[in-house]
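Heads up, start.csv below (CSV, C-alpha atoms (C1' of nucleotides)):
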```
chain,number,residue,atom,x,y,z
A,26,MET,CA,41.6,89.6,126.3
A,27,SER,CA,43.0,91.2,123.2
A,28,LEU,CA,45.0,90.2,120.2
A,29,THR,CA,48.0,92.0,121.7
A,30,HIS,CA,47.8,89.9,124.9
A,31,ILE,CA,47.7,86.8,122.8
A,32,GLN,CA,50.7,87.8,120.8
A,33,SER,CA,52.5,88.6,124.0
A,34,PHE,CA,51.7,85.2,125.4
A,35,ILE,CA,53.0,83.4,122.4
A,36,ALA,CA,56.2,85.3,122.5
A,37,VAL,CA,56.8,84.6,126.2
A,38,ALA,CA,55.9,80.9,125.6
A,39,GLU,CA,58.3,80.6,122.8
A,40,GLU,CA,61.1,82.4,124.5
A,41,GLY,CA,60.5,81.1,128.0
A,42,HIS,CA,61.7,84.5,129.1
A,43,VAL,CA,59.8,87.8,129.5
A,44,GLY,CA,62.8,90.0,128.8
A,45,ARG,CA,63.7,88.3,125.6
A,46,ALA,CA,60.1,88.2,124.5
A,47,ALA,CA,59.9,91.9,125.2
A,48,ARG,CA,62.8,92.6,122.9
A,49,ARG,CA,61.3,90.5,120.2
A,50,LEU,CA,58.1,92.5,120.4
A,51,HIS,CA,59.8,95.8,120.6
A,52,LEU,CA,58.4,96.3,124.0
A,53,THR,CA,59.8,96.6,127.6
A,54,GLN,CA,59.5,93.9,130.2
A,55,PRO,CA,56.9,95.5,132.6
A,56,PRO,CA,54.0,95.8,130.2
A,57,LEU,CA,54.7,92.4,128.9
A,58,SER,CA,54.7,91.0,132.4
A,59,ARG,CA,51.3,92.7,132.9
A,60,HIS,CA,49.9,91.2,129.7
A,61,ILE,CA,50.6,87.7,131.0
A,62,LEU,CA,49.2,88.5,134.5
A,63,ALA,CA,46.1,90.0,132.9
A,64,LEU,CA,45.6,86.8,130.8
A,65,GLU,CA,46.0,84.6,133.8
A,66,ASP,CA,43.6,86.7,135.7
A,67,GLU,CA,41.0,86.6,133.0
A,68,LEU,CA,41.4,82.8,132.5
A,69,GLY,CA,41.3,82.2,136.2
A,70,THR,CA,44.4,80.1,136.2
A,71,GLN,CA,48.2,80.3,135.9
A,72,LEU,CA,49.6,79.7,132.4
A,73,PHE,CA,53.3,79.7,133.4
A,74,GLU,CA,55.4,78.5,136.2
A,75,ARG,CA,57.8,81.2,137.4
A,76,THR,CA,61.3,79.7,137.7
A,77,PRO,CA,64.6,81.5,138.5
A,78,ARG,CA,65.5,80.8,134.9
A,79,GLY,CA,62.3,82.3,133.4
A,80,MET,CA,58.9,81.2,132.5
A,81,ARG,CA,57.9,77.5,131.9
A,82,LEU,CA,54.5,76.6,130.4
A,83,LEU,CA,52.1,74.9,132.6
A,84,PRO,CA,49.6,72.4,131.1
A,85,ALA,CA,46.9,75.2,130.9
A,86,GLY,CA,49.5,77.3,129.1
A,87,GLU,CA,50.3,74.6,126.6
A,88,ALA,CA,46.6,74.2,125.8
A,89,PHE,CA,46.2,77.9,125.4
A,90,LEU,CA,49.2,78.2,123.1
A,91,ASN,CA,47.6,75.9,120.5
A,92,HIS,CA,44.5,78.1,120.4
A,93,ALA,CA,46.5,81.3,120.5
A,94,ARG,CA,48.4,80.4,117.4
A,95,ARG,CA,45.2,79.4,115.6
A,96,ILE,CA,43.6,82.7,116.5
A,97,LEU,CA,46.5,84.8,115.1
A,98,ALA,CA,46.6,82.6,112.0
A,99,GLU,CA,42.9,83.1,111.5
A,100,VAL,CA,43.3,86.8,111.8
A,101,ASP,CA,46.1,86.7,109.3
A,102,ALA,CA,44.0,84.6,106.9
A,103,ALA,CA,41.1,87.1,107.3
A,104,VAL,CA,43.3,90.0,106.3
A,105,HIS,CA,44.6,88.2,103.3
A,106,THR,CA,41.2,86.9,102.2
A,107,VAL,CA,39.6,90.3,102.4
A,108,ARG,CA,42.5,91.9,100.5
A,109,GLY,CA,42.2,89.2,97.9
A,110,VAL,CA,38.5,89.7,97.5
A,111,ALA,CA,38.8,93.5,97.3
A,112,ARG,CA,41.6,93.1,94.6
A,113,GLY,CA,39.5,90.6,92.7
A,114,ALA,CA,36.3,92.7,92.8
A,115,GLN,CA,38.0,96.0,91.9
A,116,GLY,CA,41.4,95.4,90.5
A,117,PRO,CA,41.0,93.7,87.1
A,118,HIS,CA,38.7,95.8,84.9
B,228,MET,CA,42.6,95.3,114.6
B,229,SER,CA,41.2,94.2,117.9
B,230,LEU,CA,38.7,91.6,119.1
B,231,THR,CA,36.4,94.5,120.0
B,232,HIS,CA,36.5,95.7,116.4
B,233,ILE,CA,35.7,92.3,115.1
B,234,GLN,CA,32.8,91.9,117.5
B,235,SER,CA,31.5,95.3,116.4
B,236,PHE,CA,31.8,94.3,112.8
B,237,ILE,CA,29.8,91.1,113.4
B,238,ALA,CA,27.0,93.0,115.2
B,239,VAL,CA,26.7,95.6,112.4
B,240,ALA,CA,26.8,92.9,109.8
B,241,GLU,CA,24.0,90.9,111.5
B,242,GLU,CA,21.9,93.9,112.3
B,243,GLY,CA,22.5,95.8,109.1
B,244,HIS,CA,22.2,98.9,111.2
B,245,VAL,CA,24.8,100.7,113.3
B,246,GLY,CA,22.4,102.0,115.9
B,247,ARG,CA,20.8,98.6,116.6
B,248,ALA,CA,24.2,97.0,116.7
B,249,ALA,CA,25.2,99.6,119.2
B,250,ARG,CA,22.3,98.9,121.5
B,251,ARG,CA,23.0,95.2,121.2
B,252,LEU,CA,26.6,95.8,122.3
B,253,HIS,CA,25.6,98.2,125.1
B,254,LEU,CA,27.5,100.9,123.3
B,255,THR,CA,26.6,104.1,121.5
B,256,GLN,CA,26.5,104.7,117.8
B,257,PRO,CA,29.6,106.9,117.2
B,258,PRO,CA,32.3,104.6,118.6
B,259,LEU,CA,30.7,101.7,116.8
B,260,SER,CA,30.8,103.7,113.5
B,261,ARG,CA,34.4,104.4,114.1
B,262,HIS,CA,35.2,100.8,114.7
B,263,ILE,CA,33.9,99.9,111.3
B,264,LEU,CA,35.8,102.8,109.7
B,265,ALA,CA,39.0,101.7,111.4
B,266,LEU,CA,38.6,98.2,110.1
B,267,GLU,CA,37.9,99.3,106.6
B,268,ASP,CA,40.9,101.6,106.8
B,269,GLU,CA,43.2,98.8,108.1
B,270,LEU,CA,42.0,96.4,105.5
B,271,GLY,CA,42.2,98.9,102.7
B,272,THR,CA,38.7,98.3,101.4
B,273,GLN,CA,35.1,99.0,102.2
B,274,LEU,CA,33.2,96.3,104.0
B,275,PHE,CA,29.8,97.8,103.9
B,276,GLU,CA,27.7,99.8,101.4
B,277,ARG,CA,26.0,102.7,103.2
B,278,THR,CA,22.4,102.9,102.2
B,279,PRO,CA,19.7,105.2,103.5
B,280,ARG,CA,18.3,102.1,105.3
B,281,GLY,CA,21.6,101.2,107.0
B,282,MET,CA,24.6,99.1,106.2
B,283,ARG,CA,24.7,96.3,103.6
B,284,LEU,CA,27.6,93.9,103.4
B,285,LEU,CA,29.8,94.1,100.3
B,286,PRO,CA,31.6,91.0,99.0
B,287,ALA,CA,34.7,91.8,101.0
B,288,GLY,CA,32.5,92.2,104.1
B,289,GLU,CA,30.9,88.8,103.5
B,290,ALA,CA,34.4,87.2,103.3
B,291,PHE,CA,35.5,88.9,106.4
B,292,LEU,CA,32.4,87.9,108.3
B,293,ASN,CA,33.2,84.2,107.9
B,294,HIS,CA,36.7,84.7,109.3
B,295,ALA,CA,35.4,87.1,112.0
B,296,ARG,CA,33.0,84.5,113.4
B,297,ARG,CA,35.8,81.8,113.3
B,298,ILE,CA,38.1,84.1,115.2
B,299,LEU,CA,35.7,84.8,118.0
B,300,ALA,CA,34.7,81.1,118.1
B,301,GLU,CA,38.3,80.2,118.5
B,302,VAL,CA,38.8,82.7,121.3
B,303,ASP,CA,35.8,81.2,123.0
B,304,ALA,CA,37.1,77.7,122.5
B,305,ALA,CA,40.5,78.8,123.9
B,306,VAL,CA,38.9,80.1,127.1
B,307,HIS,CA,36.8,77.0,127.6
B,308,THR,CA,39.7,74.7,126.9
B,309,VAL,CA,42.0,76.4,129.3
B,310,ARG,CA,39.4,76.4,132.1
B,311,GLY,CA,38.8,72.8,131.4
B,312,VAL,CA,42.5,71.9,131.7
B,313,ALA,CA,42.9,74.0,134.8
B,314,ARG,CA,39.9,72.3,136.4
B,315,GLY,CA,41.2,68.9,135.4
B,316,ALA,CA,44.7,69.5,136.6
B,317,GLN,CA,43.6,71.0,139.9
B,318,GLY,CA,40.1,70.0,140.8
B,319,PRO,CA,40.1,66.2,141.2
B,320,HIS,CA,42.8,65.3,143.6
C,115,DG,C1',10.6,121.8,100.9
C,116,DC,C1',10.1,119.7,105.6
C,117,DG,C1',10.4,116.1,108.8
C,118,DT,C1',12.6,111.8,109.5
C,119,DC,C1',16.2,108.5,109.7
C,120,DC,C1',20.7,107.1,108.9
C,121,DA,C1',26.0,107.2,109.5
C,122,DA,C1',30.0,110.4,110.2
C,123,DT,C1',32.5,113.9,112.7
C,124,DG,C1',34.1,117.5,116.4
C,125,DC,C1',35.0,117.7,120.9
C,126,DT,C1',36.0,116.6,125.7
C,127,DG,C1',36.8,113.8,130.0
C,128,DT,C1',38.4,109.5,131.4
C,129,DC,C1',40.7,105.5,131.3
C,130,DT,C1',44.3,102.5,129.4
C,131,DC,C1',48.7,101.4,128.6
C,132,DG,C1',53.7,101.7,127.9
C,133,DG,C1',58.1,103.1,129.9
C,134,DC,C1',61.1,104.3,133.9
C,135,DA,C1',62.5,103.2,138.3
C,136,DT,C1',62.4,100.1,142.0
C,137,DG,C1',61.2,96.1,144.7
C,138,DG,C1',61.5,91.3,146.1
C,139,DA,C1',62.5,86.5,145.5
C,140,DG,C1',65.6,82.9,144.3
C,141,DT,C1',70.4,81.1,143.0
C,142,DC,C1',75.2,80.8,142.6
C,143,DC,C1',79.8,81.4,144.1
C,144,DG,C1',83.4,82.8,147.0
D,193,DC,C1',76.9,83.0,155.3
D,194,DG,C1',76.7,87.1,152.2
D,195,DG,C1',77.0,89.7,148.2
D,196,DA,C1',76.2,89.9,143.3
D,197,DC,C1',73.4,88.5,139.7
D,198,DT,C1',69.2,87.3,137.3
D,199,DC,C1',64.6,86.9,137.0
D,200,DC,C1',59.5,88.8,137.3
D,201,DA,C1',56.3,92.0,139.7
D,202,DT,C1',54.9,96.6,141.1
D,203,DG,C1',54.4,102.0,141.9
D,204,DC,C1',54.2,105.8,139.4
D,205,DC,C1',53.5,109.0,135.7
D,206,DG,C1',52.6,111.1,131.1
D,207,DA,C1',50.9,110.3,126.4
D,208,DG,C1',47.5,108.3,123.6
D,209,DA,C1',43.2,105.8,122.9
D,210,DC,C1',38.4,105.6,123.4
D,211,DA,C1',33.5,106.2,124.7
D,212,DG,C1',29.9,109.5,125.0
D,213,DC,C1',27.5,113.9,123.9
D,214,DA,C1',26.2,117.0,120.6
D,215,DT,C1',25.9,118.1,115.9
D,216,DT,C1',26.5,117.8,110.9
D,217,DG,C1',25.4,116.1,106.4
D,218,DG,C1',23.1,113.3,103.2
D,219,DA,C1',19.1,110.6,101.4
D,220,DC,C1',14.0,109.4,101.3
D,221,DG,C1',9.1,110.0,101.9
D,222,DC,C1',5.2,112.7,102.3
```

Could you show the structure in this file as structure tokens?
Amino acid sequence: MSLTHIQSFIAVAEEGHVGRAARRLHLTQPPLSRHILALEDELGTQLFERTPRGMRLLPAGEAFLNHARRILAEVDAAVHTVRGVARGAQGPH
Amino acid sequence: MSLTHIQSFIAVAEEGHVGRAARRLHLTQPPLSRHILALEDELGTQLFERTPRGMRLLPAGEAFLNHARRILAEVDAAVHTVRGVARGAQGPH
DNA sequence: GCGTCCAATGCTGTCTCGGCATGGAGTCCG
DNA sequence: CGGACTCCATGCCGAGACAGCATTGGACGC
């Protein structure tokens, strides 16, 4: 499980389509497909239903999506907070 | 920025010592030291003060520690939630 | 000053990972 | 039917990342 995998998952969930998600992430389809498979393997359950049209979220996937977004948001908040603290402690003299 | 780096950061912050943190993570000291340096580089500020005794958190590091713990906790929650949903949707027939 | 203890760095082998090419399943239309 | 099309999955390979070993460099304490 890595932040990259989580990002890939969100993109696929939102696009419903591995190929489109790949373009959005400036990646190609095979590695992205493997990210999803790796996640499903690690979590021990399928997150998507494979349809001829693309990928549809399963209930487990819906649940994971909520957490996934929160994780990335928290990472983002961490970066901004730290930069703010650093600026505050060092910037204004 | 990766979950591994975040985990490394927490261990060093809690141990105040790269070597001890390395043992705790079943890792050696050099890669762990590089994890911290990579984080500091990415965040654009130092997180620790290097003392002859080890590593002491700077204010930016304290701020990051809070977020870091929340990130890992959220990841953990995600895993458990998904496993729970999968169990619920599949286990009881 | 010398031994000790710490993190940082140089280097190397291995493993990961992304991209290319291809496979295989399902669907639609003629 | 059958061929074309659209998906995701997989085999393969080369580049880059990363852990570990060995060593350096700096700071204390005696």

#### Entry: B:Arg247, B:Arg297, B:His253, B:His232 ranked by distance to Glu269 (chain B), top pick (using only C-alpha atoms)
B:His232

### Message
Could you check the closest approach to chain B for each of C:DC119, C:DC142, C:DC129, C:DC134 and tell me which residue wins, using only C-alpha atoms (C1' of nucleotides)?
### Response
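Looking at the shortest contact to chain B, the residue is C:DC119.
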
### Query
Which chain D residues are at most 9 Å from chain A (counting only C-alpha atoms (C1' of nucleotides)), as a list of chain:residue names?
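Residues passing the distance filter: D:DT198, D:DC199, D:DC200, D:DA201, D:DT202.
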
Please, could you write that set of residues out with C-alpha atoms (C1' of nucleotides) as a short mmCIF file (atom, residue, chain, number, x, y, z; two decimals), keeping the file's coordinate frame?
```
data_model
loop_
_atom_site.label_atom_id
_atom_site.label_comp_id
_atom_site.auth_asym_id
_atom_site.auth_seq_id
_atom_site.Cartn_x
_atom_site.Cartn_y
_atom_site.Cartn_z
"C1'" DT D 198 69.20 87.30 137.30
"C1'" DC D 199 64.60 86.90 137.00
"C1'" DC D 200 59.50 88.80 137.30
"C1'" DA D 201 56.30 92.00 139.70
"C1'" DT D 202 54.90 96.60 141.10
#
```

### Test item: chain C residues at most 12 Å from chain B, counting only C-alpha atoms (C1' of nucleotides), as a ChimeraX atom specification
/C:118-124

Write out chain B, as a PDB file with C-alpha atoms, in the frame of the given file, after superposing it onto chain A by least squares using every C-alpha atom paired in order.
```pdb
ATOM      1  CA  MET B 228      41.537  89.591 126.285  1.00  0.00           C
ATOM      2  CA  SER B 229      43.036  91.273 123.288  1.00  0.00           C
ATOM      3  CA  LEU B 230      45.045  90.196 120.246  1.00  0.00           C
ATOM      4  CA  THR B 231      47.996  92.062 121.768  1.00  0.00           C
ATOM      5  CA  HIS B 232      47.746  89.917 124.890  1.00  0.00           C
ATOM      6  CA  ILE B 233      47.651  86.774 122.890  1.00  0.00           C
ATOM      7  CA  GLN B 234      50.653  87.815 120.832  1.00  0.00           C
ATOM      8  CA  SER B 235      52.513  88.600 124.054  1.00  0.00           C
ATOM      9  CA  PHE B 236      51.601  85.244 125.451  1.00  0.00           C
ATOM     10  CA  ILE B 237      52.929  83.459 122.345  1.00  0.00           C
ATOM     11  CA  ALA B 238      56.255  85.358 122.483  1.00  0.00           C
ATOM     12  CA  VAL B 239      56.781  84.559 126.194  1.00  0.00           C
ATOM     13  CA  ALA B 240      55.815  80.981 125.622  1.00  0.00           C
ATOM     14  CA  GLU B 241      58.300  80.577 122.725  1.00  0.00           C
ATOM     15  CA  GLU B 242      61.067  82.465 124.407  1.00  0.00           C
ATOM     16  CA  GLY B 243      60.525  81.145 127.896  1.00  0.00           C
ATOM     17  CA  HIS B 244      61.714  84.511 129.065  1.00  0.00           C
ATOM     18  CA  VAL B 245      59.812  87.767 129.503  1.00  0.00           C
ATOM     19  CA  GLY B 246      62.713  90.045 128.725  1.00  0.00           C
ATOM     20  CA  ARG B 247      63.622  88.312 125.442  1.00  0.00           C
ATOM     21  CA  ALA B 248      59.994  88.219 124.466  1.00  0.00           C
ATOM     22  CA  ALA B 249      59.860  91.899 125.132  1.00  0.00           C
ATOM     23  CA  ARG B 250      62.787  92.690 122.896  1.00  0.00           C
ATOM     24  CA  ARG B 251      61.286  90.494 120.214  1.00  0.00           C
ATOM     25  CA  LEU B 252      58.045  92.492 120.403  1.00  0.00           C
ATOM     26  CA  HIS B 253      59.844  95.860 120.524  1.00  0.00           C
ATOM     27  CA  LEU B 254      58.370  96.389 123.943  1.00  0.00           C
ATOM     28  CA  THR B 255      59.720  96.592 127.468  1.00  0.00           C
ATOM     29  CA  GLN B 256      59.524  93.983 130.153  1.00  0.00           C
ATOM     30  CA  PRO B 257      56.916  95.437 132.580  1.00  0.00           C
ATOM     31  CA  PRO B 258      53.965  95.822 130.195  1.00  0.00           C
ATOM     32  CA  LEU B 259      54.697  92.394 128.808  1.00  0.00           C
ATOM     33  CA  SER B 260      54.650  90.943 132.385  1.00  0.00           C
ATOM     34  CA  ARG B 261      51.374  92.601 132.954  1.00  0.00           C
ATOM     35  CA  HIS B 262      49.900  91.197 129.821  1.00  0.00           C
ATOM     36  CA  ILE B 263      50.584  87.708 131.012  1.00  0.00           C
ATOM     37  CA  LEU B 264      49.175  88.508 134.469  1.00  0.00           C
ATOM     38  CA  ALA B 265      46.028  89.924 132.909  1.00  0.00           C
ATOM     39  CA  LEU B 266      45.524  86.811 130.870  1.00  0.00           C
ATOM     40  CA  GLU B 267      46.040  84.514 133.770  1.00  0.00           C
ATOM     41  CA  ASP B 268      43.641  86.637 135.786  1.00  0.00           C
ATOM     42  CA  GLU B 269      40.961  86.570 133.023  1.00  0.00           C
ATOM     43  CA  LEU B 270      41.320  82.881 132.555  1.00  0.00           C
ATOM     44  CA  GLY B 271      41.339  82.133 136.238  1.00  0.00           C
ATOM     45  CA  THR B 272      44.461  79.999 136.179  1.00  0.00           C
ATOM     46  CA  GLN B 273      48.194  80.248 135.881  1.00  0.00           C
ATOM     47  CA  LEU B 274      49.668  79.720 132.462  1.00  0.00           C
ATOM     48  CA  PHE B 275      53.276  79.757 133.360  1.00  0.00           C
ATOM     49  CA  GLU B 276      55.455  78.460 136.228  1.00  0.00           C
ATOM     50  CA  ARG B 277      57.927  81.170 137.273  1.00  0.00           C
ATOM     51  CA  THR B 278      61.349  79.708 137.658  1.00  0.00           C
ATOM     52  CA  PRO B 279      64.607  81.462 138.423  1.00  0.00           C
ATOM     53  CA  ARG B 280      65.510  80.815 134.738  1.00  0.00           C
ATOM     54  CA  GLY B 281      62.309  82.366 133.347  1.00  0.00           C
ATOM     55  CA  MET B 282      58.860  81.188 132.472  1.00  0.00           C
ATOM     56  CA  ARG B 283      57.872  77.553 131.821  1.00  0.00           C
ATOM     57  CA  LEU B 284      54.524  76.657 130.337  1.00  0.00           C
ATOM     58  CA  LEU B 285      52.080  74.795 132.584  1.00  0.00           C
ATOM     59  CA  PRO B 286      49.526  72.389 131.091  1.00  0.00           C
ATOM     60  CA  ALA B 287      46.915  75.104 130.848  1.00  0.00           C
ATOM     61  CA  GLY B 288      49.487  77.308 129.077  1.00  0.00           C
ATOM     62  CA  GLU B 289      50.248  74.545 126.574  1.00  0.00           C
ATOM     63  CA  ALA B 290      46.488  74.236 125.787  1.00  0.00           C
ATOM     64  CA  PHE B 291      46.134  77.901 125.391  1.00  0.00           C
ATOM     65  CA  LEU B 292      49.146  78.160 123.136  1.00  0.00           C
ATOM     66  CA  ASN B 293      47.537  75.907 120.523  1.00  0.00           C
ATOM     67  CA  HIS B 294      44.406  78.063 120.443  1.00  0.00           C
ATOM     68  CA  ALA B 295      46.484  81.287 120.593  1.00  0.00           C
ATOM     69  CA  ARG B 296      48.419  80.391 117.441  1.00  0.00           C
ATOM     70  CA  ARG B 297      45.116  79.381 115.650  1.00  0.00           C
ATOM     71  CA  ILE B 298      43.589  82.698 116.573  1.00  0.00           C
ATOM     72  CA  LEU B 299      46.385  84.793 115.200  1.00  0.00           C
ATOM     73  CA  ALA B 300      46.580  82.544 112.101  1.00  0.00           C
ATOM     74  CA  GLU B 301      42.940  83.131 111.520  1.00  0.00           C
ATOM     75  CA  VAL B 302      43.305  86.883 111.876  1.00  0.00           C
ATOM     76  CA  ASP B 303      46.090  86.721 109.355  1.00  0.00           C
ATOM     77  CA  ALA B 304      44.027  84.611 107.013  1.00  0.00           C
ATOM     78  CA  ALA B 305      41.120  87.088 107.398  1.00  0.00           C
ATOM     79  CA  VAL B 306      43.313  90.015 106.344  1.00  0.00           C
ATOM     80  CA  HIS B 307      44.748  88.186 103.367  1.00  0.00           C
ATOM     81  CA  THR B 308      41.365  86.951 102.263  1.00  0.00           C
ATOM     82  CA  VAL B 309      39.767  90.322 102.411  1.00  0.00           C
ATOM     83  CA  ARG B 310      42.608  91.974 100.461  1.00  0.00           C
ATOM     84  CA  GLY B 311      42.345  89.235  97.963  1.00  0.00           C
ATOM     85  CA  VAL B 312      38.597  89.765  97.453  1.00  0.00           C
ATOM     86  CA  ALA B 313      39.008  93.505  97.301  1.00  0.00           C
ATOM     87  CA  ARG B 314      41.739  93.149  94.681  1.00  0.00           C
ATOM     88  CA  GLY B 315      39.641  90.701  92.718  1.00  0.00           C
ATOM     89  CA  ALA B 316      36.508  92.756  92.837  1.00  0.00           C
ATOM     90  CA  GLN B 317      38.269  95.985  91.934  1.00  0.00           C
ATOM     91  CA  GLY B 318      41.555  95.366  90.237  1.00  0.00           C
ATOM     92  CA  PRO B 319      40.792  93.515  86.983  1.00  0.00           C
ATOM     93  CA  HIS B 320      38.253  95.490  85.109  1.00  0.00           C
TER      94      HIS B 320
END
```

### Interface list for chain A, partner chain B, 6 Å threshold, only C-alpha atoms, as a PyMOL selection string
chain A and resi 27-28+85+89+92+96+103+107+110-111
